[in-house]
$ cat protein.txt   # compact mmCIF, C-alpha atoms and all ligand atoms
# COMPACT_ATOMS: atom_id res chain seq x y z
CA MET A 1 -1.56 -20.02 8.34
CA THR A 2 -0.93 -16.49 9.48
CA GLY A 3 1.98 -15.64 11.74
CA ASP A 4 3.27 -14.60 15.11
CA LEU A 5 3.11 -10.83 15.37
CA PHE A 6 5.98 -10.67 17.82
CA GLY A 7 8.38 -13.02 16.13
CA GLU A 8 9.23 -14.18 12.69
CA PRO A 9 6.44 -14.86 10.24
CA LEU A 10 5.38 -18.48 10.42
CA ALA A 11 4.10 -18.56 6.88
CA THR A 12 6.19 -20.19 4.18
CA PRO A 13 7.21 -17.80 1.42
CA GLY A 14 5.17 -18.51 -1.68
CA GLN A 15 2.10 -19.36 0.32
CA ARG A 16 -1.11 -17.84 -1.03
CA GLU A 17 -3.83 -16.95 1.46
CA ALA A 18 -7.25 -16.09 0.09
CA LEU A 19 -8.93 -13.00 1.55
CA GLY A 20 -11.87 -13.26 -0.83
CA ALA A 21 -12.80 -14.66 -4.25
CA GLN A 22 -10.43 -12.18 -5.92
CA ALA A 23 -8.18 -11.03 -3.08
CA CYS A 24 -5.18 -12.72 -1.50
CA VAL A 25 -1.99 -12.36 0.48
CA LEU A 26 1.11 -13.67 -1.29
CA ARG A 27 3.38 -14.43 1.67
CA GLY A 28 6.98 -13.35 1.15
CA PHE A 29 6.42 -12.66 -2.55
CA ALA A 30 8.66 -9.56 -2.52
CA GLY A 31 11.41 -11.28 -0.53
CA ALA A 32 14.14 -11.53 -3.15
CA ASP A 33 13.38 -8.04 -4.51
CA VAL A 34 13.72 -6.19 -1.20
CA PRO A 35 17.23 -4.77 -1.73
CA ALA A 36 16.31 -3.50 -5.21
CA LEU A 37 13.03 -2.05 -3.92
CA LEU A 38 14.72 -0.17 -1.08
CA GLN A 39 17.44 1.18 -3.32
CA ALA A 40 14.84 2.37 -5.84
CA LEU A 41 12.80 3.94 -3.04
CA GLU A 42 15.81 6.03 -1.96
CA ARG A 43 15.92 7.48 -5.47
CA VAL A 44 12.19 8.29 -5.40
CA LEU A 45 12.58 10.07 -2.04
CA GLN A 46 15.24 12.49 -3.29
CA PRO A 47 12.86 14.54 -5.51
CA ALA A 48 9.70 13.52 -3.59
CA PRO A 49 10.41 13.30 0.16
CA TRP A 50 8.04 11.98 2.84
CA ARG A 51 5.31 14.37 3.89
CA HIS A 52 2.20 14.20 6.08
CA MET A 53 -0.87 15.09 4.05
CA THR A 54 -3.98 16.75 5.45
CA THR A 55 -7.41 15.15 5.19
CA PRO A 56 -10.37 17.12 3.82
CA GLY A 57 -11.60 17.25 7.44
CA GLY A 58 -8.42 19.05 8.52
CA PHE A 59 -6.59 16.18 10.24
CA THR A 60 -2.94 15.34 9.58
CA MET A 61 -2.48 11.76 8.42
CA SER A 62 -0.36 9.70 10.83
CA ALA A 63 1.40 7.82 8.01
CA ALA A 64 3.86 9.85 5.94
CA GLN A 65 3.48 9.51 2.17
CA THR A 66 4.97 10.11 -1.21
CA ASN A 67 4.27 8.89 -4.76
CA CYS A 68 5.90 7.81 -7.96
CA GLY A 69 4.41 7.34 -11.40
CA PRO A 70 2.48 9.46 -13.90
CA LEU A 71 -0.17 9.97 -11.21
CA GLY A 72 0.15 10.41 -7.46
CA TRP A 73 -2.53 10.22 -4.77
CA VAL A 74 -2.88 13.44 -2.81
CA SER A 75 -5.08 14.68 0.00
CA ASP A 76 -5.64 18.22 1.25
CA ARG A 77 -8.51 20.43 2.45
CA ARG A 78 -10.02 20.25 -1.06
CA GLY A 79 -10.33 16.46 -1.03
CA TYR A 80 -8.66 13.27 -2.23
CA ARG A 81 -7.55 12.95 -5.84
CA TYR A 82 -4.80 11.88 -8.22
CA ALA A 83 -2.45 14.57 -9.48
CA ALA A 84 0.33 14.51 -12.07
CA TRP A 85 2.44 16.99 -10.07
CA ASP A 86 3.90 16.80 -6.61
CA PRO A 87 2.32 19.76 -4.76
CA LEU A 88 5.49 20.07 -2.65
CA SER A 89 7.97 20.48 -5.52
CA GLY A 90 5.67 21.57 -8.36
CA GLN A 91 7.39 18.89 -10.46
CA PRO A 92 5.99 15.68 -11.96
CA TRP A 93 6.28 12.71 -9.57
CA PRO A 94 9.38 10.56 -10.17
CA ALA A 95 8.86 7.56 -12.46
CA ILE A 96 7.82 4.19 -11.07
CA PRO A 97 11.09 2.26 -10.69
CA PRO A 98 11.27 -0.83 -12.94
CA ALA A 99 11.70 -3.04 -9.84
CA PHE A 100 8.33 -1.80 -8.47
CA GLU A 101 6.63 -2.26 -11.84
CA ARG A 102 7.94 -5.77 -12.34
CA LEU A 103 6.95 -6.89 -8.87
CA ALA A 104 3.45 -5.42 -9.32
CA ARG A 105 2.95 -7.16 -12.65
CA ASP A 106 4.24 -10.52 -11.35
CA ALA A 107 2.21 -10.37 -8.13
CA ALA A 108 -0.97 -9.40 -9.98
CA ALA A 109 -0.45 -12.29 -12.41
CA ALA A 110 0.18 -14.71 -9.52
CA ALA A 111 -3.16 -13.59 -8.08
CA GLY A 112 -5.00 -14.11 -11.37
CA PHE A 113 -4.85 -10.62 -12.89
CA GLN A 114 -2.85 -10.71 -16.12
CA GLY A 115 -1.36 -7.62 -17.76
CA PHE A 116 -1.41 -5.23 -14.79
CA GLU A 117 0.35 -1.96 -15.67
CA PRO A 118 0.29 0.49 -12.78
CA ASP A 119 0.37 4.23 -13.43
CA ALA A 120 0.40 5.27 -9.76
CA CYS A 121 2.38 4.12 -6.76
CA LEU A 122 1.50 5.54 -3.34
CA VAL A 123 4.17 4.94 -0.74
CA ASN A 124 3.18 4.98 2.95
CA ARG A 125 5.58 5.13 5.88
CA TYR A 126 4.33 4.13 9.33
CA VAL A 127 6.17 4.57 12.62
CA PRO A 128 4.86 3.12 15.91
CA GLY A 129 1.36 4.47 16.58
CA ALA A 130 0.66 5.42 12.96
CA ARG A 131 -2.50 3.92 11.48
CA LEU A 132 -4.87 4.07 8.56
CA SER A 133 -8.57 4.19 9.27
CA LEU A 134 -11.06 1.97 7.47
CA HIS A 135 -11.60 3.16 3.88
CA GLN A 136 -12.32 2.07 0.33
CA ASP A 137 -9.99 2.86 -2.57
CA LYS A 138 -12.39 4.82 -4.76
CA ASP A 139 -10.40 7.65 -6.32
CA GLU A 140 -9.39 5.66 -9.40
CA THR A 141 -11.14 6.19 -12.75
CA ASP A 142 -12.38 2.63 -13.01
CA TYR A 143 -12.30 -0.38 -10.75
CA GLU A 144 -11.49 -3.05 -13.34
CA HIS A 145 -7.80 -3.09 -12.38
CA PRO A 146 -6.46 -4.77 -9.26
CA ILE A 147 -4.39 -3.13 -6.53
CA VAL A 148 -1.03 -4.52 -5.46
CA SER A 149 0.21 -3.65 -1.97
CA VAL A 150 3.72 -4.50 -0.74
CA SER A 151 4.65 -4.55 2.97
CA LEU A 152 8.22 -3.87 4.10
CA GLY A 153 9.72 -3.53 7.57
CA MET A 154 7.74 -3.81 10.81
CA PRO A 155 4.70 -6.05 10.86
CA ALA A 156 1.22 -4.54 10.83
CA VAL A 157 -2.31 -5.73 11.39
CA PHE A 158 -4.35 -5.16 8.26
CA LEU A 159 -8.09 -4.72 8.76
CA TRP A 160 -9.97 -6.47 6.01
CA GLY A 161 -13.62 -5.56 5.97
CA GLY A 162 -16.58 -6.06 3.72
CA ARG A 163 -18.48 -4.00 1.18
CA GLU A 164 -20.18 -1.92 3.89
CA ARG A 165 -18.31 0.13 6.45
CA ALA A 166 -20.17 -1.61 9.27
CA ASP A 167 -19.23 -5.13 8.11
CA LYS A 168 -17.02 -6.96 10.57
CA ALA A 169 -13.33 -6.66 9.65
CA ALA A 170 -10.87 -9.55 9.86
CA ARG A 171 -7.41 -8.88 11.31
CA VAL A 172 -4.69 -10.03 8.94
CA PRO A 173 -1.06 -9.75 10.07
CA LEU A 174 1.23 -8.52 7.30
CA PHE A 175 4.99 -9.07 7.40
CA HIS A 176 8.08 -7.83 5.61
CA GLY A 177 7.92 -9.09 2.02
CA ASP A 178 4.21 -9.91 1.94
CA VAL A 179 2.17 -8.71 -1.04
CA VAL A 180 -1.60 -8.21 -0.97
CA VAL A 181 -3.47 -8.23 -4.28
CA TRP A 182 -7.12 -7.50 -4.77
CA GLY A 183 -9.52 -6.66 -7.52
CA GLY A 184 -12.67 -7.80 -9.23
CA VAL A 185 -15.53 -8.47 -6.83
CA ASP A 186 -13.29 -7.54 -3.87
CA ARG A 187 -12.03 -4.24 -5.33
CA LEU A 188 -14.17 -2.03 -3.09
CA ARG A 189 -13.77 -3.88 0.19
CA PHE A 190 -13.19 -1.64 3.23
CA HIS A 191 -9.72 -1.94 4.73
CA GLY A 192 -7.30 -0.19 7.07
CA VAL A 193 -4.22 -0.61 9.25
CA LEU A 194 -4.27 -0.80 13.09
CA PRO A 195 -1.89 1.47 15.03
CA LEU A 196 1.60 0.05 14.56
CA LYS A 197 3.28 -1.64 17.51
CA PRO A 198 6.99 -0.96 18.09
CA VAL A 199 8.56 -4.21 16.90
CA PRO A 200 11.84 -3.02 15.35
CA HIS A 201 12.68 -4.69 12.07
CA PRO A 202 16.28 -5.92 11.51
CA LEU A 203 16.61 -4.07 8.19
CA LEU A 204 14.25 -1.09 8.49
CA GLY A 205 14.15 -0.39 12.23
CA GLU A 206 10.99 1.16 13.68
CA GLN A 207 9.12 1.72 10.47
CA ARG A 208 6.81 0.00 8.05
CA ILE A 209 6.84 0.94 4.40
CA ASN A 210 3.94 0.09 2.12
CA LEU A 211 3.99 0.39 -1.66
CA THR A 212 0.49 0.51 -3.14
CA LEU A 213 0.44 0.19 -6.92
CA ARG A 214 -2.67 1.04 -8.89
CA ARG A 215 -4.03 1.89 -12.28
CA ALA A 216 -5.60 5.23 -11.45
CA GLY A 217 -6.16 6.99 -14.78
C1 LIG A 301 -1.19 -0.19 3.90
N1 LIG A 301 -2.89 -0.08 2.31
O1 LIG A 301 -1.12 -1.40 3.79
C2 LIG A 301 -2.35 0.57 3.39
N2 LIG A 301 -5.35 -0.04 -0.22
O2 LIG A 301 -0.32 0.46 4.46
C3 LIG A 301 -4.02 0.27 1.69
O3 LIG A 301 -4.73 1.17 2.02
C4 LIG A 301 -4.41 -0.51 0.56
O4 LIG A 301 -2.88 -2.24 1.10
C5 LIG A 301 -5.76 -0.73 -1.27
C6 LIG A 301 -5.21 -1.93 -1.59
C7 LIG A 301 -4.21 -2.44 -0.80
C8 LIG A 301 -3.80 -1.74 0.31
FE FE A 302 -6.37 1.55 0.64
$ encode --input "protein.txt" --output "structure tokens"
Amino acid sequence: MTGDLFGEPLATPGQREALGAQACVLRGFAGADVPALLQALERVLQPAPWRHMTTPGGFTMSAAQTNCGPLGWVSDRRGYRYAAWDPLSGQPWPAIPPAFERLARDAAAAAGFQGFEPDACLVNRYVPGARLSLHQDKDETDYEHPIVSVSLGMPAVFLWGGRERADKAARVPLFHGDVVVWGGVDRLRFHGVLPLKPVPHPLLGEQRINLTLRRAG
């Protein structure tokens, strides 16, 4: 069961949809934690505000980003990498809030990955029209750890591809409160986000916020 992009999600919270042998969507898994997550995010944004990073090719990313945790994902003309310091402030990234950490650990465990301890949380903010082109998450030191991705606010269509860029990608609608977890044999699957449609969310308005928690170092 997926959902109706232009209305309320049809999926029952707690429902687990397989995307692969070791990848799934946990529908509504973050539901009860949303107020705590948003409050914690406000505190992350004070020292580390949203910014639009530049790709190595010289394009400005359409999603705004920030990070928390010992490591943060950054992109500039020199490439993609993890860095311990926020290039904007010159300070270490703010700590991962306990509410983020707890949710990541619980979601990973629910998806079959015990003992997940993230050291990096990339936060993406999409407004209508913003997108993320098809990519693999390959900047981490090893691929034995899963990735936990939390969707908040406006719905988005997640592109879920294969192990080759040219593999046909499925379109998976993601709603407020959904958590995607993947690892193991699915860790290097191509994925992306289609340009966001303006479907204002009751709590967050015209934005989608995505928390992506990883073990990077
Ligand atoms: C997003 N997510 O959902 C972008 N990467 O806004 C990602 O690129 C992503 O959701 C790795 C694992 C899960 C993800
Ligand atoms: Fe990704």
$ closest_atom_pairs --input "protein.txt" --of "chain A" --to "ligand FE 302 (chain A)" --cutoff "7 Å" --atoms "only C-alpha atoms and all ligand atoms" --output "JSON lines"
{"residue": "A:His135", "atom": "CA", "partner": "A:FE302", "partner_atom": "FE", "distance": 6.4}
{"residue": "A:Gln136", "atom": "CA", "partner": "A:FE302", "partner_atom": "FE", "distance": 6.0}
{"residue": "A:Asp137", "atom": "CA", "partner": "A:FE302", "partner_atom": "FE", "distance": 5.0}
{"residue": "A:His191", "atom": "CA", "partner": "A:FE302", "partner_atom": "FE", "distance": 6.3}
{"residue": "A:Gly192", "atom": "CA", "partner": "A:FE302", "partner_atom": "FE", "distance": 6.7}
$ residues_around --input "protein.txt" --residues "Pro155 in chain A" --least-positions-apart "5" --cutoff "8 Å" --atoms "all atoms listed in the file" --output "NGL selection string"
:A and (5 or 173-176 or 196 or 199 or 208)
$ residues_near_point --input "protein.txt" --point "(6.1, 10.2, -9.7)" --cutoff "7 Å" --atoms "all atoms listed in the file" --output "list in words"
Asn67, Cys68, Gly69, Pro70, Leu71, Gly72, Pro92, Trp93, Pro94, Ala95 and Ile96 of chain A
$ residues_near_ligand --input "protein.txt" --ligand "ligand LIG 301 (chain A)" --cutoff "9 Å" --atoms "all atoms listed in the file" --output "JSON list (two decimals) with C-alpha atoms, in the coordinates of the input"
[["chain", "number", "residue", "atom", "x", "y", "z"],
["A", 63, "ALA", "CA", 1.40, 7.82, 8.01],
["A", 123, "VAL", "CA", 4.17, 4.94, -0.74],
["A", 124, "ASN", "CA", 3.18, 4.98, 2.95],
["A", 125, "ARG", "CA", 5.58, 5.13, 5.88],
["A", 126, "TYR", "CA", 4.33, 4.13, 9.33],
["A", 131, "ARG", "CA", -2.50, 3.92, 11.48],
["A", 132, "LEU", "CA", -4.87, 4.07, 8.56],
["A", 133, "SER", "CA", -8.57, 4.19, 9.27],
["A", 134, "LEU", "CA", -11.06, 1.97, 7.47],
["A", 135, "HIS", "CA", -11.60, 3.16, 3.88],
["A", 136, "GLN", "CA", -12.32, 2.07, 0.33],
["A", 137, "ASP", "CA", -9.99, 2.86, -2.57],
["A", 146, "PRO", "CA", -6.46, -4.77, -9.26],
["A", 147, "ILE", "CA", -4.39, -3.13, -6.53],
["A", 148, "VAL", "CA", -1.03, -4.52, -5.46],
["A", 149, "SER", "CA", 0.21, -3.65, -1.97],
["A", 150, "VAL", "CA", 3.72, -4.50, -0.74],
["A", 151, "SER", "CA", 4.65, -4.55, 2.97],
["A", 156, "ALA", "CA", 1.22, -4.54, 10.83],
["A", 157, "VAL", "CA", -2.31, -5.73, 11.39],
["A", 158, "PHE", "CA", -4.35, -5.16, 8.26],
["A", 174, "LEU", "CA", 1.23, -8.52, 7.30],
["A", 179, "VAL", "CA", 2.17, -8.71, -1.04],
["A", 180, "VAL", "CA", -1.60, -8.21, -0.97],
["A", 181, "VAL", "CA", -3.47, -8.23, -4.28],
["A", 182, "TRP", "CA", -7.12, -7.50, -4.77],
["A", 183, "GLY", "CA", -9.52, -6.66, -7.52],
["A", 187, "ARG", "CA", -12.03, -4.24, -5.33],
["A", 188, "LEU", "CA", -14.17, -2.03, -3.09],
["A", 189, "ARG", "CA", -13.77, -3.88, 0.19],
["A", 190, "PHE", "CA", -13.19, -1.64, 3.23],
["A", 191, "HIS", "CA", -9.72, -1.94, 4.73],
["A", 192, "GLY", "CA", -7.30, -0.19, 7.07],
["A", 193, "VAL", "CA", -4.22, -0.61, 9.25],
["A", 208, "ARG", "CA", 6.81, 0.00, 8.05],
["A", 209, "ILE", "CA", 6.84, 0.94, 4.40],
["A", 210, "ASN", "CA", 3.94, 0.09, 2.12],
["A", 211, "LEU", "CA", 3.99, 0.39, -1.66],
["A", 212, "THR", "CA", 0.49, 0.51, -3.14],
["A", 213, "LEU", "CA", 0.44, 0.19, -6.92],
["A", 214, "ARG", "CA", -2.67, 1.04, -8.89]]
$ atom_distance --input "protein.txt" --atom1 "CA of Pro13 in chain A" --atom2 "CA of Leu38 in chain A"
19.3 Å
$ atom_distance --input "protein.txt" --atom1 "CA of Leu122 in chain A" --atom2 "CA of Gln65 in chain A"
7.1 Å
$ residues_around --input "protein.txt" --residues "Leu88 in chain A" --least-positions-apart "2" --cutoff "10 Å" --atoms "only C-alpha atoms" --output "number ranges by chain"
A: 47-49, 51, 85-86, 90-91
$ residues_around --input "protein.txt" --residues "Asp33 in chain A" --least-positions-apart "2" --cutoff "10 Å" --atoms "all atoms listed in the file" --output "JSON list (two decimals) with C-alpha atoms, in the coordinates of the input"
[["chain", "number", "residue", "atom", "x", "y", "z"],
["A", 29, "PHE", "CA", 6.42, -12.66, -2.55],
["A", 30, "ALA", "CA", 8.66, -9.56, -2.52],
["A", 31, "GLY", "CA", 11.41, -11.28, -0.53],
["A", 35, "PRO", "CA", 17.23, -4.77, -1.73],
["A", 36, "ALA", "CA", 16.31, -3.50, -5.21],
["A", 37, "LEU", "CA", 13.03, -2.05, -3.92],
["A", 38, "LEU", "CA", 14.72, -0.17, -1.08],
["A", 99, "ALA", "CA", 11.70, -3.04, -9.84],
["A", 100, "PHE", "CA", 8.33, -1.80, -8.47],
["A", 102, "ARG", "CA", 7.94, -5.77, -12.34],
["A", 103, "LEU", "CA", 6.95, -6.89, -8.87],
["A", 177, "GLY", "CA", 7.92, -9.09, 2.02]]
$ closest_residue --input "protein.txt" --among "A:Gln114, A:Lys168, A:Gln46, A:Gly205" --to "Leu152 in chain A" --atoms "all atoms listed in the file"
A:Gly205
$ atom_distance --input "protein.txt" --atom1 "CA of Gly153 in chain A" --atom2 "CA of Ala84 in chain A"
28.3 Å
$ closest_residue --input "protein.txt" --among "A:Thr66, A:Pro195, A:Met61, A:Ala107" --to "Glu42 in chain A" --atoms "only C-alpha atoms"
A:Thr66
$ closest_residue --input "protein.txt" --among "A:His201, A:His145, A:Lys138, A:Arg43" --to "Pro118 in chain A" --atoms "only C-alpha atoms"
A:His145
$ closest_residue --input "protein.txt" --among "A:Ser62, A:Ser89, A:Glu144, A:Arg171" --to "Asp186 in chain A" --atoms "only C-alpha atoms"
A:Glu144
